[in-house]
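Enquirer: This is structure02.cif, which holds mmCIF, C-alpha atoms and all ligand atoms:
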```cif
data_protein
loop_
_atom_site.label_atom_id
_atom_site.label_comp_id
_atom_site.auth_asym_id
_atom_site.auth_seq_id
_atom_site.Cartn_x
_atom_site.Cartn_y
_atom_site.Cartn_z
CA MET A 1318 25.17 22.60 99.49
CA SER A 1319 25.81 26.02 97.99
CA VAL A 1320 26.68 26.44 94.33
CA ASP A 1321 29.07 29.39 94.15
CA ALA A 1322 30.92 28.71 90.89
CA VAL A 1323 28.72 28.67 87.76
CA PRO A 1324 28.73 25.03 86.57
CA ASP A 1325 28.87 23.88 82.96
CA VAL A 1326 25.81 21.71 83.42
CA VAL A 1327 22.89 21.46 85.82
CA VAL A 1328 21.04 18.14 85.63
CA ALA A 1329 17.48 18.32 86.96
CA GLY A 1330 16.65 14.84 88.30
CA GLY A 1331 19.01 12.25 89.79
CA GLY A 1332 17.27 8.99 88.84
CA VAL A 1333 19.09 6.45 86.69
CA ILE A 1334 19.07 8.77 83.68
CA GLY A 1335 20.21 11.93 85.47
CA ALA A 1336 22.87 10.12 87.51
CA ALA A 1337 24.29 8.32 84.46
CA ILE A 1338 24.48 11.60 82.53
CA ALA A 1339 26.07 13.46 85.44
CA TRP A 1340 28.74 10.79 85.94
CA ARG A 1341 29.70 10.64 82.26
CA ALA A 1342 29.59 14.44 81.82
CA ALA A 1343 31.96 14.83 84.79
CA LEU A 1344 34.29 12.21 83.27
CA ALA A 1345 34.23 14.28 80.06
CA GLY A 1346 35.69 17.17 82.06
CA LEU A 1347 32.52 19.19 82.69
CA ASP A 1348 31.62 20.81 86.00
CA VAL A 1349 28.23 19.27 86.89
CA VAL A 1350 25.52 19.90 89.48
CA VAL A 1351 22.60 17.49 89.99
CA VAL A 1352 19.41 18.76 91.61
CA ASP A 1353 16.98 16.20 93.04
CA PRO A 1354 14.78 16.25 96.17
CA GLU A 1355 15.82 12.58 96.61
CA ALA A 1356 12.38 11.56 97.78
CA GLY A 1357 13.26 8.04 96.69
CA ASP A 1358 10.09 7.34 94.76
CA GLY A 1359 11.49 7.59 91.23
CA ALA A 1360 10.85 4.78 88.77
CA SER A 1361 14.53 3.82 88.85
CA LEU A 1362 14.23 2.45 92.39
CA VAL A 1363 11.01 0.59 91.67
CA ALA A 1364 12.03 -1.06 88.38
CA ALA A 1365 12.71 -4.75 87.80
CA GLY A 1366 16.11 -4.17 86.20
CA MET A 1367 15.64 -6.29 83.08
CA LEU A 1368 17.99 -5.49 80.21
CA ALA A 1369 15.74 -7.02 77.61
CA PRO A 1370 15.50 -5.15 74.31
CA VAL A 1371 12.56 -6.99 72.75
CA SER A 1372 10.19 -8.38 75.38
CA GLU A 1373 8.15 -5.18 75.62
CA SER A 1374 8.57 -3.85 72.07
CA LEU A 1375 5.52 -3.87 69.89
CA PHE A 1376 5.67 -5.04 66.31
CA GLY A 1377 6.46 -2.06 64.10
CA GLU A 1378 8.48 -0.22 66.79
CA ASP A 1379 11.66 -0.74 64.80
CA ASP A 1380 13.34 2.53 65.80
CA LEU A 1381 12.79 1.67 69.44
CA LEU A 1382 14.19 -1.80 68.92
CA ARG A 1383 17.31 -0.30 67.31
CA ILE A 1384 17.91 2.02 70.25
CA ASN A 1385 17.32 -0.84 72.71
CA LEU A 1386 19.88 -2.96 70.88
CA LEU A 1387 22.39 -0.10 70.92
CA ALA A 1388 21.71 0.25 74.65
CA LEU A 1389 22.20 -3.46 75.34
CA ALA A 1390 25.48 -3.53 73.41
CA ARG A 1391 26.73 -0.51 75.40
CA PHE A 1392 25.78 -1.85 78.83
CA PRO A 1393 28.61 -4.34 79.58
CA SER A 1394 31.55 -1.95 79.21
CA PHE A 1395 29.63 0.84 80.97
CA ALA A 1396 28.80 -1.52 83.85
CA ALA A 1397 32.39 -2.72 84.18
CA GLU A 1398 33.68 0.86 84.29
CA LEU A 1399 31.01 1.80 86.82
CA GLU A 1400 31.75 -1.10 89.16
CA ALA A 1401 35.42 -0.14 89.09
CA ALA A 1402 34.70 3.56 89.66
CA ALA A 1403 32.18 3.04 92.46
CA GLY A 1404 33.91 0.05 94.01
CA GLN A 1405 30.59 -1.75 94.40
CA PRO A 1406 28.84 -4.55 92.45
CA ILE A 1407 25.63 -3.83 90.57
CA GLY A 1408 24.24 -7.37 90.40
CA LEU A 1409 24.51 -7.97 86.67
CA ARG A 1410 23.07 -11.36 85.61
CA ARG A 1411 23.52 -12.94 82.20
CA GLU A 1412 21.35 -16.06 82.44
CA GLY A 1413 18.75 -14.84 79.95
CA THR A 1414 14.96 -14.89 79.84
CA LEU A 1415 12.81 -18.01 79.60
CA ALA A 1416 9.47 -17.04 78.07
CA ILE A 1417 6.87 -19.76 78.60
CA ALA A 1418 3.50 -20.58 77.07
CA TYR A 1419 0.61 -22.49 78.66
CA ASP A 1420 -1.24 -23.58 75.54
CA PRO A 1421 -0.85 -23.72 71.76
CA GLY A 1422 -2.41 -20.23 71.41
CA ASP A 1423 0.14 -18.69 73.78
CA TYR A 1424 2.85 -20.64 72.04
CA ALA A 1425 1.86 -19.26 68.62
CA ALA A 1426 2.09 -15.71 70.04
CA LEU A 1427 5.50 -16.56 71.51
CA MET A 1428 6.65 -17.83 68.12
CA ARG A 1429 5.74 -14.49 66.54
CA LEU A 1430 7.86 -12.71 69.17
CA THR A 1431 10.62 -15.22 68.51
CA ALA A 1432 10.57 -14.45 64.78
CA PHE A 1433 10.71 -10.70 65.58
CA ARG A 1434 13.67 -11.32 67.86
CA ARG A 1435 15.51 -13.43 65.32
CA SER A 1436 14.93 -10.77 62.67
CA ALA A 1437 16.89 -8.42 64.95
CA GLY A 1438 19.75 -10.93 65.12
CA LEU A 1439 19.02 -12.05 68.68
CA ASP A 1440 19.28 -15.57 70.10
CA ALA A 1441 16.10 -17.56 70.63
CA GLU A 1442 16.09 -21.28 71.47
CA GLU A 1443 12.76 -23.10 71.30
CA LEU A 1444 12.16 -25.57 74.14
CA ASP A 1445 9.46 -28.16 74.74
CA SER A 1446 7.75 -28.57 78.10
CA ARG A 1447 10.33 -31.05 79.41
CA ALA A 1448 13.27 -28.90 78.39
CA CYS A 1449 11.69 -25.87 80.08
CA ARG A 1450 11.30 -27.81 83.33
CA LYS A 1451 14.81 -29.19 83.07
CA LEU A 1452 16.07 -25.62 82.88
CA GLU A 1453 13.75 -24.41 85.67
CA PRO A 1454 12.67 -27.39 87.82
CA PHE A 1455 10.17 -25.39 89.90
CA LEU A 1456 8.12 -24.37 86.83
CA THR A 1457 4.48 -25.40 86.75
CA PRO A 1458 3.88 -28.78 85.04
CA ASP A 1459 1.22 -26.95 82.97
CA VAL A 1460 3.89 -25.37 80.80
CA HIS A 1461 3.31 -26.20 77.12
CA GLY A 1462 6.66 -24.96 75.83
CA GLY A 1463 8.94 -21.96 75.83
CA VAL A 1464 11.76 -20.01 74.29
CA LEU A 1465 15.08 -19.16 75.90
CA PHE A 1466 16.22 -15.64 75.01
CA GLY A 1467 19.87 -16.06 75.95
CA GLY A 1468 20.97 -12.50 75.20
CA ASP A 1469 18.76 -10.83 77.82
CA TRP A 1470 20.47 -9.63 80.97
CA SER A 1471 19.32 -8.07 84.21
CA VAL A 1472 20.80 -5.77 86.80
CA ASP A 1473 19.90 -4.99 90.40
CA ASN A 1474 18.60 -1.51 89.61
CA ARG A 1475 18.86 -0.28 93.21
CA ARG A 1476 22.51 -1.26 93.41
CA TYR A 1477 23.05 0.19 89.94
CA VAL A 1478 21.58 3.59 90.87
CA ALA A 1479 23.53 3.61 94.14
CA ALA A 1480 26.74 2.90 92.21
CA LEU A 1481 25.99 5.68 89.71
CA ARG A 1482 25.46 8.13 92.57
CA THR A 1483 28.70 7.05 94.26
CA ALA A 1484 30.63 7.31 90.98
CA MET A 1485 29.23 10.71 90.10
CA VAL A 1486 30.18 12.18 93.47
CA ALA A 1487 33.65 10.61 93.20
CA ALA A 1488 34.00 12.25 89.78
CA GLY A 1489 33.30 15.67 91.30
CA VAL A 1490 29.57 16.12 90.67
CA ARG A 1491 27.91 18.39 93.22
CA ALA A 1492 24.50 17.28 94.49
CA VAL A 1493 21.80 19.76 95.54
CA ARG A 1494 18.84 18.41 97.44
CA ASP A 1495 15.89 20.45 96.16
CA ARG A 1496 13.20 20.50 93.51
CA VAL A 1497 13.53 22.34 90.22
CA THR A 1498 10.40 24.38 89.58
CA ALA A 1499 11.42 26.00 86.30
CA VAL A 1500 14.16 26.08 83.73
CA ARG A 1501 15.42 28.96 81.68
CA GLY A 1502 17.51 28.46 78.60
CA GLY A 1503 17.31 31.03 75.88
CA GLU A 1504 18.66 34.32 74.70
CA GLY A 1505 16.77 37.28 76.07
CA GLU A 1506 16.14 35.35 79.27
CA ALA A 1507 19.38 36.26 81.08
CA GLY A 1508 21.05 32.92 80.30
CA PRO A 1509 20.45 29.27 81.15
CA ALA A 1510 19.50 28.46 84.74
CA VAL A 1511 17.29 26.35 86.96
CA LEU A 1512 14.96 27.83 89.57
CA LEU A 1513 14.63 25.86 92.79
CA ALA A 1514 11.67 25.44 95.14
CA ASP A 1515 13.57 27.26 97.91
CA GLY A 1516 13.89 30.33 95.64
CA ARG A 1517 17.51 29.87 94.61
CA VAL A 1518 18.58 30.24 91.01
CA ILE A 1519 21.51 28.19 89.68
CA GLU A 1520 22.98 29.64 86.52
CA CYS A 1521 24.93 27.38 84.18
CA ALA A 1522 25.95 26.90 80.55
CA THR A 1523 23.44 24.09 79.84
CA VAL A 1524 20.44 22.61 81.63
CA VAL A 1525 19.66 18.89 81.27
CA VAL A 1526 16.10 17.91 82.21
CA ALA A 1527 16.02 14.29 83.41
CA THR A 1528 12.99 14.39 85.68
CA GLY A 1529 11.19 11.32 84.30
CA SER A 1530 7.41 11.45 84.74
CA TRP A 1531 7.69 14.76 86.57
CA THR A 1532 8.97 16.55 83.45
CA ARG A 1533 5.41 17.73 82.97
CA SER A 1534 5.69 19.92 86.06
CA ILE A 1535 8.80 21.85 84.96
CA ALA A 1536 7.87 25.40 83.95
CA GLY A 1537 9.82 26.96 81.10
CA LEU A 1538 9.69 23.92 78.82
CA PRO A 1539 7.48 24.21 75.76
CA ASP A 1540 3.99 22.89 76.53
CA GLU A 1541 4.11 20.41 73.67
CA LEU A 1542 7.21 18.76 75.19
CA ARG A 1543 5.85 18.72 78.73
CA THR A 1544 2.57 17.19 77.62
CA ALA A 1545 4.33 14.57 75.48
CA ILE A 1546 5.24 12.80 78.74
CA ARG A 1547 2.66 10.35 80.03
CA PRO A 1548 3.14 8.61 83.42
CA VAL A 1549 2.30 4.90 83.32
CA LYS A 1550 1.94 3.34 86.75
CA GLY A 1551 3.55 0.00 87.47
CA GLN A 1552 3.01 -1.98 90.68
CA LEU A 1553 5.61 -4.58 91.58
CA LEU A 1554 6.48 -6.99 94.42
CA ARG A 1555 9.82 -7.79 96.01
CA LEU A 1556 9.93 -11.29 97.51
CA ARG A 1557 12.71 -12.94 99.51
CA HIS A 1558 13.68 -16.58 99.91
CA PRO A 1559 13.42 -17.83 103.51
CA ALA A 1560 16.47 -19.55 104.96
CA GLY A 1561 16.75 -23.10 103.67
CA LEU A 1562 14.81 -22.62 100.41
CA PRO A 1563 17.12 -22.69 97.38
CA GLN A 1564 16.70 -20.01 94.72
CA ILE A 1565 13.52 -21.02 92.85
CA THR A 1566 14.60 -19.69 89.46
CA THR A 1567 17.89 -18.75 87.83
CA HIS A 1568 16.46 -17.20 84.65
CA THR A 1569 14.10 -14.28 84.32
CA ILE A 1570 10.77 -15.88 83.50
CA ARG A 1571 8.02 -14.26 81.46
CA ALA A 1572 4.54 -15.61 80.82
CA THR A 1573 1.06 -14.51 79.88
CA VAL A 1574 -1.45 -15.53 82.54
CA ARG A 1575 -5.17 -14.89 81.91
CA GLY A 1576 -4.17 -12.47 79.14
CA THR A 1577 -1.80 -10.46 81.35
CA ASP A 1578 1.98 -10.41 81.03
CA ILE A 1579 3.99 -11.27 84.12
CA TYR A 1580 7.71 -11.43 84.80
CA LEU A 1581 9.77 -12.93 87.63
CA VAL A 1582 13.33 -11.63 87.94
CA PRO A 1583 15.78 -13.36 90.31
CA ARG A 1584 18.61 -11.56 92.09
CA ALA A 1585 21.83 -13.09 93.32
CA ASP A 1586 21.08 -12.04 96.91
CA GLY A 1587 17.90 -14.14 97.10
CA GLU A 1588 15.45 -11.43 96.14
CA MET A 1589 12.86 -12.11 93.46
CA ILE A 1590 10.94 -9.39 91.63
CA VAL A 1591 7.38 -10.02 90.46
CA GLY A 1592 5.93 -7.45 88.10
CA ALA A 1593 4.21 -5.53 86.94
CA THR A 1594 0.94 -3.77 86.37
CA GLN A 1595 0.61 -1.36 83.49
CA GLU A 1596 -1.90 1.37 84.35
CA GLU A 1597 -2.62 4.74 82.73
CA ARG A 1598 -2.65 6.42 86.16
CA GLU A 1599 -0.31 8.72 88.02
CA ASP A 1600 -0.78 7.85 91.68
CA GLN A 1601 1.78 5.66 93.45
CA LEU A 1602 -0.64 3.74 95.64
CA VAL A 1603 -0.26 -0.01 96.00
CA THR A 1604 -3.64 -1.72 95.68
CA ALA A 1605 -4.82 -4.99 97.22
CA GLY A 1606 -6.10 -6.16 93.84
CA ALA A 1607 -2.73 -5.70 92.15
CA VAL A 1608 -0.88 -7.52 94.94
CA HIS A 1609 -3.41 -10.35 94.73
CA ASP A 1610 -3.18 -10.62 90.94
CA LEU A 1611 0.63 -10.49 90.84
CA LEU A 1612 0.92 -13.18 93.53
CA HIS A 1613 -1.75 -15.33 91.90
CA ASP A 1614 -0.07 -15.12 88.49
CA ALA A 1615 3.42 -15.69 89.94
CA MET A 1616 2.18 -18.80 91.75
CA SER A 1617 0.62 -20.15 88.59
CA VAL A 1618 4.04 -19.90 86.90
CA LEU A 1619 6.16 -21.06 89.84
CA PRO A 1620 3.81 -22.61 92.46
CA VAL A 1621 6.57 -22.58 95.10
CA THR A 1622 6.42 -18.76 95.05
CA SER A 1623 3.88 -19.21 97.86
CA GLU A 1624 6.81 -20.14 100.18
CA LEU A 1625 8.63 -16.83 99.63
CA ILE A 1626 8.46 -13.86 101.97
CA LEU A 1627 6.55 -10.82 100.74
CA ALA A 1628 9.24 -8.23 101.53
CA GLU A 1629 8.00 -5.12 99.76
CA THR A 1630 5.24 -3.83 97.55
CA CYS A 1631 5.87 -0.73 95.47
CA ALA A 1632 4.52 1.40 92.66
CA GLY A 1633 6.40 3.61 90.24
CA LEU A 1634 5.63 5.91 87.34
CA ARG A 1635 7.20 4.97 84.03
CA PRO A 1636 7.89 8.08 81.99
CA GLY A 1637 6.00 7.13 78.84
CA THR A 1638 5.46 9.28 75.78
CA ARG A 1639 2.80 9.54 73.09
CA ASP A 1640 4.81 7.20 70.81
CA ASN A 1641 6.47 5.08 73.55
CA GLY A 1642 9.93 6.35 72.52
CA PRO A 1643 12.38 8.32 74.69
CA VAL A 1644 12.91 12.07 74.25
CA VAL A 1645 16.64 12.81 74.06
CA GLY A 1646 18.21 15.93 72.56
CA TRP A 1647 17.97 19.71 72.47
CA ALA A 1648 14.63 21.10 73.54
CA GLY A 1649 14.72 23.90 70.98
CA PRO A 1650 16.44 24.87 67.75
CA GLY A 1651 19.01 27.22 69.24
CA THR A 1652 19.64 30.18 71.42
CA GLY A 1653 17.78 33.20 70.15
CA ALA A 1654 15.21 31.25 68.17
CA GLY A 1655 12.48 32.56 70.40
CA THR A 1656 11.67 29.31 72.17
CA GLY A 1657 13.64 30.09 75.29
CA THR A 1658 15.08 26.59 75.17
CA GLY A 1659 18.34 27.07 73.26
CA ARG A 1660 20.56 25.57 75.99
CA ILE A 1661 18.20 22.99 77.42
CA LEU A 1662 18.66 19.28 76.75
CA LEU A 1663 15.93 16.74 77.43
CA ALA A 1664 16.61 13.17 78.54
CA THR A 1665 13.28 11.67 79.52
CA GLY A 1666 10.45 9.44 78.30
CA HIS A 1667 12.34 6.16 78.73
CA TYR A 1668 9.11 4.39 79.62
CA ARG A 1669 9.65 0.63 80.20
CA ASN A 1670 13.38 0.55 79.36
CA GLY A 1671 15.09 3.37 81.21
CA ILE A 1672 17.48 1.10 83.09
CA LEU A 1673 18.47 -0.58 79.81
CA MET A 1674 18.81 2.75 77.98
CA SER A 1675 20.67 4.64 80.72
CA ALA A 1676 24.24 4.12 79.47
CA ALA A 1677 23.40 4.85 75.83
CA THR A 1678 21.41 7.93 76.88
CA ALA A 1679 24.36 9.25 78.88
CA ASP A 1680 26.55 8.85 75.78
CA ALA A 1681 24.03 10.73 73.62
CA VAL A 1682 23.67 13.61 76.06
CA VAL A 1683 27.42 13.93 76.64
CA ALA A 1684 27.88 14.01 72.85
CA CYS A 1685 25.45 16.97 72.68
CA LEU A 1686 27.19 18.69 75.61
CA THR A 1687 30.59 18.38 73.97
CA GLY A 1688 29.51 19.51 70.51
CA GLN A 1689 29.35 16.07 68.90
CA ASP A 1690 26.55 14.16 67.23
CA PRO A 1691 24.81 11.38 69.16
CA ALA A 1692 24.71 7.94 67.51
CA PRO A 1693 22.36 7.99 64.48
CA GLU A 1694 19.97 5.56 66.22
CA TRP A 1695 18.89 8.52 68.38
CA GLY A 1696 17.63 10.51 65.37
CA PRO A 1697 13.96 9.39 65.66
CA PHE A 1698 13.92 10.30 69.36
CA ASN A 1699 14.76 13.98 69.03
CA PRO A 1700 12.35 16.23 70.99
CA ALA A 1701 11.64 18.04 67.71
CA ARG A 1702 9.15 15.31 66.80
CA PHE A 1703 6.79 16.68 69.46
CA SER A 1704 7.67 20.34 69.18
CA ARG A 1705 5.80 22.76 66.96
CA SER A 1706 8.63 25.31 66.94
CA ALA A 1707 11.78 23.21 67.10
CA VAL A 1708 13.79 21.76 64.26
CA PRO A 1709 16.31 18.92 64.78
CA ARG A 1710 19.96 19.91 65.16
P1 LIG B 1801 13.00 8.43 87.56
O1 LIG B 1801 13.70 7.24 88.01
O2 LIG B 1801 11.56 8.52 87.85
O3 LIG B 1801 13.79 9.64 88.19
C1 LIG B 1801 13.32 10.95 88.11
C2 LIG B 1801 14.05 11.70 89.19
O4 LIG B 1801 13.69 13.07 89.07
C3 LIG B 1801 13.67 11.26 90.60
O5 LIG B 1801 14.83 10.98 91.34
C4 LIG B 1801 12.90 12.44 91.16
O6 LIG B 1801 13.12 12.63 92.56
C5 LIG B 1801 13.49 13.59 90.37
N1 LIG B 1801 12.62 14.73 90.24
C6 LIG B 1801 11.27 14.74 90.03
N2 LIG B 1801 10.84 16.01 89.95
C7 LIG B 1801 11.92 16.80 90.10
C8 LIG B 1801 12.11 18.19 90.09
N3 LIG B 1801 11.07 19.02 89.90
N4 LIG B 1801 13.35 18.68 90.29
C9 LIG B 1801 14.42 17.84 90.47
N5 LIG B 1801 14.29 16.50 90.47
C10 LIG B 1801 13.05 16.00 90.28
N6 LIG B 1801 13.28 -0.25 82.86
C11 LIG B 1801 14.15 -1.19 82.41
O7 LIG B 1801 15.06 -0.88 81.63
N7 LIG B 1801 14.04 -2.49 82.81
C12 LIG B 1801 13.05 -2.89 83.65
O8 LIG B 1801 12.97 -4.08 83.98
C13 LIG B 1801 12.13 -1.95 84.11
N8 LIG B 1801 11.12 -2.33 84.94
C14 LIG B 1801 10.24 -1.40 85.40
C15 LIG B 1801 9.23 -1.80 86.27
C16 LIG B 1801 8.36 -0.88 86.80
C17 LIG B 1801 7.27 -1.33 87.72
C18 LIG B 1801 8.53 0.50 86.50
C19 LIG B 1801 7.64 1.52 87.12
C20 LIG B 1801 9.53 0.91 85.61
C21 LIG B 1801 10.38 -0.03 85.04
N9 LIG B 1801 11.37 0.31 84.12
C22 LIG B 1801 12.27 -0.60 83.69
C23 LIG B 1801 11.43 1.67 83.58
C24 LIG B 1801 12.48 2.51 84.28
O9 LIG B 1801 12.33 2.38 85.67
C25 LIG B 1801 12.35 3.98 83.88
O10 LIG B 1801 12.31 4.11 82.48
C26 LIG B 1801 13.53 4.77 84.42
O11 LIG B 1801 13.67 4.54 85.80
C27 LIG B 1801 13.38 6.25 84.16
O12 LIG B 1801 14.45 6.88 84.79
P2 LIG B 1801 14.45 8.45 85.07
O13 LIG B 1801 15.72 8.77 85.74
O14 LIG B 1801 14.10 9.15 83.80
O15 LIG B 1801 13.18 8.68 85.99
N1 LIG B 1802 10.26 -3.17 81.81
C1 LIG B 1802 9.40 -3.69 82.80
C2 LIG B 1802 8.25 -2.86 83.08
O1 LIG B 1802 8.13 -1.76 82.59
O2 LIG B 1802 7.38 -3.30 83.80
#
```
If you took the structure in this file and wrote it as structure tokens, what would it be?
Ligand code: FAD
Ligand code: GLY

Expert:
Amino acid sequence: MSVDAVPDVVVAGGGVIGAAIAWRAALAGLDVVVVDPEAGDGASLVAAGMLAPVSESLFGEDDLLRINLLALARFPSFAAELEAAAGQPIGLRREGTLAIAYDPGDYAALMRLTAFRRSAGLDAEELDSRACRKLEPFLTPDVHGGVLFGGDWSVDNRRYVAALRTAMVAAGVRAVRDRVTAVRGGEGEAGPAVLLADGRVIECATVVVATGSWTRSIAGLPDELRTAIRPVKGQLLRLRHPAGLPQITTHTIRATVRGTDIYLVPRADGEMIVGATQEEREDQLVTAGAVHDLLHDAMSVLPVTSELILAETCAGLRPGTRDNGPVVGWAGPGTGAGTGTGRILLATGHYRNGILMSAATADAVVACLTGQDPAPEWGPFNPARFSRSAVPR
């Protein structure tokens, strides 16, 4: 499509983060354009869709835990509004996560996570082996015990992203199918704009960079911000129940098998997600070894997994950062400060929790766009922490 009128905002990247921002910015009355080549290989379409604020937090990551909790609290009302706006369900499930342990050593580790969770005010119900199998009858008899984390949710991330894209278009967002090669944002640079691979330039009042792991390839951003992003590959399986087999689990199940974490996430439509590898690599190739290991580990948790259909294997790149936290806020201290990034906002680096953090991120970015302050929980995640020249604002 052509972009004749100069929009208020151009969002580079239409994954879960870019689409959520675009939708909310349009609802706030801004004229928004989203640019994305729509190749379909973004992390948002690969993800498992867990809305689980603690499972992947490390001890000591308290700021991250606080932002995850803010994100979880924001999700229900955002989801309800989205389903109404898009007129399509997003597959929200509220059954919770059952984390299981195979032996006393695993169980001790699980108890430490449980204490961490409780310290954050979250539910955690300890269960013995029998109670675990009562809750999930197909679980391996080898289970030693477990903990039910009742407050964890999940969403069908593909349906969720589709709904966000429908809602953003319905709210008046214009979509441009292309790749942003560079951004321009400061005084002395002829005003904010994005440069596209086909040579076009789209001028605007503010640029939002939401290109996930690909943020590193966007020229015009300060090097220290581009290099703060670190792609972390995750391989994942999508299984389907054959006709006649009842759903083999109702809760998300997490376990540590042979020292590796695994999760199984059920969907209402009979799909089951098995994930995921965690590799410091940036290719999106699916390897035989990963498929083997994921299936082996899934079958050791739920032996009947062997009866499911292997529907899809996929690999995505989590946009990680040097400190595992997202990067949300102004890229530079202000127009004219010599960074060239005075009207550029960053919304990237959501690593393992971008689906969970999408609604809260959209709120934070729209606050910046409309001259307000984001929630204080975002303070530690300002891009200034990576930037030599920037100061928080
Ligand atoms: P992406 O989804 O990667 O989107 C980036 C978009 O930018 C893409 O659409 C791409 O086409 C576009 N783009 C790239 N380059 C350009 C360019 N130059 N110009 C314009 N557009 C461009 N999170 C959870 O909360 N829960 C989970 O259970 C979960 N499970 C995961 C499992 C796996 C295996 C993986 C890989 C990730 C998982 N995540 C999960 C993390 C989550 O998927 C990411 O944090 C989130 O998708 C990041 O969203 P994004 O929009 O920033 O990036
Ligand atoms: N949050 C799940 C994953 O990153 O694999």

Enquirer: Between CA of Arg1475 (chain A) and CA of Ile1384 (chain A), measure the distance and give it in Å to one decimal.

Expert: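 Answer for the CA of Arg1475 (chain A) to CA of Ile1384 (chain A) separation: 23.1 Å.
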
Enquirer: Quick one: what's the axis-aligned box for ligand LIG 1802 (chain B), all listed atoms, 3 Å on every side, centre and edges in Å to one decimal, as JSON?

Expert:
```
{"center_x": 8.8, "center_y": -2.7, "center_z": 82.8, "size_x": 8.9, "size_y": 7.9, "size_z": 8.0}
```

Enquirer: Quick one: pull the distance between CA of Val1525 (chain A) and atom O2 of ligand LIG 1801 (chain B), Å, one decimal.

Expert: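 Spanning CA of Val1525 (chain A) to atom O2 of ligand LIG 1801 (chain B) is a straight-line distance of 14.7 Å.
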
Enquirer: Compare A:Val1326, A:Glu1373, A:Gly1468, A:Ala1388 by their minimum atom-to-atom distance to Ala1692 (chain A), counting all atoms listed in the file, and give me the closest one.

Expert: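 Distance minimum relative to Ala1692 (chain A) lands on A:Ala1388.
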
Enquirer: Please provide the set of residues having any atom within 10 Å of Ala1480 (chain A), restricted to only C-alpha atoms, with same-chain residues fewer than 5 positions apart removed, written as a PyMOL selection string.

Expert: chain A and resi 1336-1337+1396+1399-1407+1474-1475+1485-1486

Enquirer: Could you build a table of the residues in region 1616-1685 of chain A lying no more than 10 Å from region 1343-1364 of chain A, giving for each the nearest pair of atoms and their separation in Å rounded to one decimal place, using all atoms listed in the file, ordered by chain and ascending residue number, as JSON lines?

Expert:
```
{"residue": "A:Thr1630", "atom": "CA", "partner": "A:Val1363", "partner_atom": "CA", "distance": 9.3}
{"residue": "A:Cys1631", "atom": "CA", "partner": "A:Val1363", "partner_atom": "CA", "distance": 6.5}
{"residue": "A:Ala1632", "atom": "CA", "partner": "A:Val1363", "partner_atom": "CA", "distance": 6.6}
{"residue": "A:Gly1633", "atom": "CA", "partner": "A:Ala1360", "partner_atom": "CA", "distance": 4.8}
{"residue": "A:Leu1634", "atom": "CA", "partner": "A:Ala1360", "partner_atom": "CA", "distance": 5.5}
{"residue": "A:Arg1635", "atom": "CA", "partner": "A:Ala1360", "partner_atom": "CA", "distance": 6.0}
{"residue": "A:Pro1636", "atom": "CA", "partner": "A:Ala1360", "partner_atom": "CA", "distance": 8.1}
{"residue": "A:Tyr1668", "atom": "CA", "partner": "A:Ala1360", "partner_atom": "CA", "distance": 9.3}
{"residue": "A:Arg1669", "atom": "CA", "partner": "A:Ala1364", "partner_atom": "CA", "distance": 8.7}
{"residue": "A:Asn1670", "atom": "CA", "partner": "A:Ala1364", "partner_atom": "CA", "distance": 9.3}
{"residue": "A:Gly1671", "atom": "CA", "partner": "A:Ser1361", "partner_atom": "CA", "distance": 7.7}
{"residue": "A:Ile1672", "atom": "CA", "partner": "A:Ser1361", "partner_atom": "CA", "distance": 7.0}
{"residue": "A:Val1683", "atom": "CA", "partner": "A:Ala1345", "partner_atom": "CA", "distance": 7.6}
{"residue": "A:Ala1684", "atom": "CA", "partner": "A:Ala1345", "partner_atom": "CA", "distance": 9.6}
```

Enquirer: When you draw a straight line from CA of Thr1622 (chain A) to CA of Asp1600 (chain A), how long is it in Å?

Expert: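 Taking CA of Thr1622 (chain A) as the start and CA of Asp1600 (chain A) as the end point, the length is 27.8 Å.
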
Enquirer: Using all atoms listed in the file, pick whichever of A:Gly1489, A:Gly1366, A:Pro1559, A:Pro1583 has the shortest atom-to-atom distance to ligand LIG 1802 (chain B).

Expert: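 Counting all atoms listed in the file, the residue closest to ligand LIG 1802 (chain B) is A:Gly1366.
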
Enquirer: Quick one: residues within 8 Å of Gly1637 (chain A), all atoms listed in the file counted, chain neighbours fewer than 6 positions away excluded, as a PyMOL selection string?

Expert: chain A and resi 1530+1546-1549+1643+1666-1669

Enquirer: Restricting the calculation to all atoms listed in the file, which member of A:Thr1544, A:Thr1567, A:Thr1573, A:Thr1678 is positioned closest to ligand LIG 1801 (chain B)?

Expert: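 Ranking A:Thr1544, A:Thr1567, A:Thr1573, A:Thr1678 by distance to ligand LIG 1801 (chain B), first place goes to A:Thr1678.
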
Enquirer: When you count only C-alpha atoms, which of these residues is closest to Gly1592 (chain A): A:Leu1481, A:Leu1556, A:Ala1499, A:Leu1673?

Expert: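 Going through A:Leu1481, A:Leu1556, A:Ala1499, A:Leu1673 one by one, the smallest distance to Gly1592 (chain A) is for A:Leu1556.
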
Enquirer: Would you list the residues near (22.2, 21.7, 74.9), meaning any protein, DNA or RNA residue with an atom at most 9 Å from that point in file coordinates, counting only C-alpha atoms, as a PyMOL selection string?

Expert: chain A and resi 1522-1525+1646-1649+1651+1658-1663+1682+1685-1686+1688

Enquirer: Counting all atoms listed in the file, which residue out of A:Pro1393, A:Gly1377, A:Gly1331, A:Pro1370 sits closest to ligand LIG 1802 (chain B)?

Expert: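 Of A:Pro1393, A:Gly1377, A:Gly1331, A:Pro1370, the one nearest ligand LIG 1802 (chain B) is A:Pro1370, counting all atoms listed in the file.
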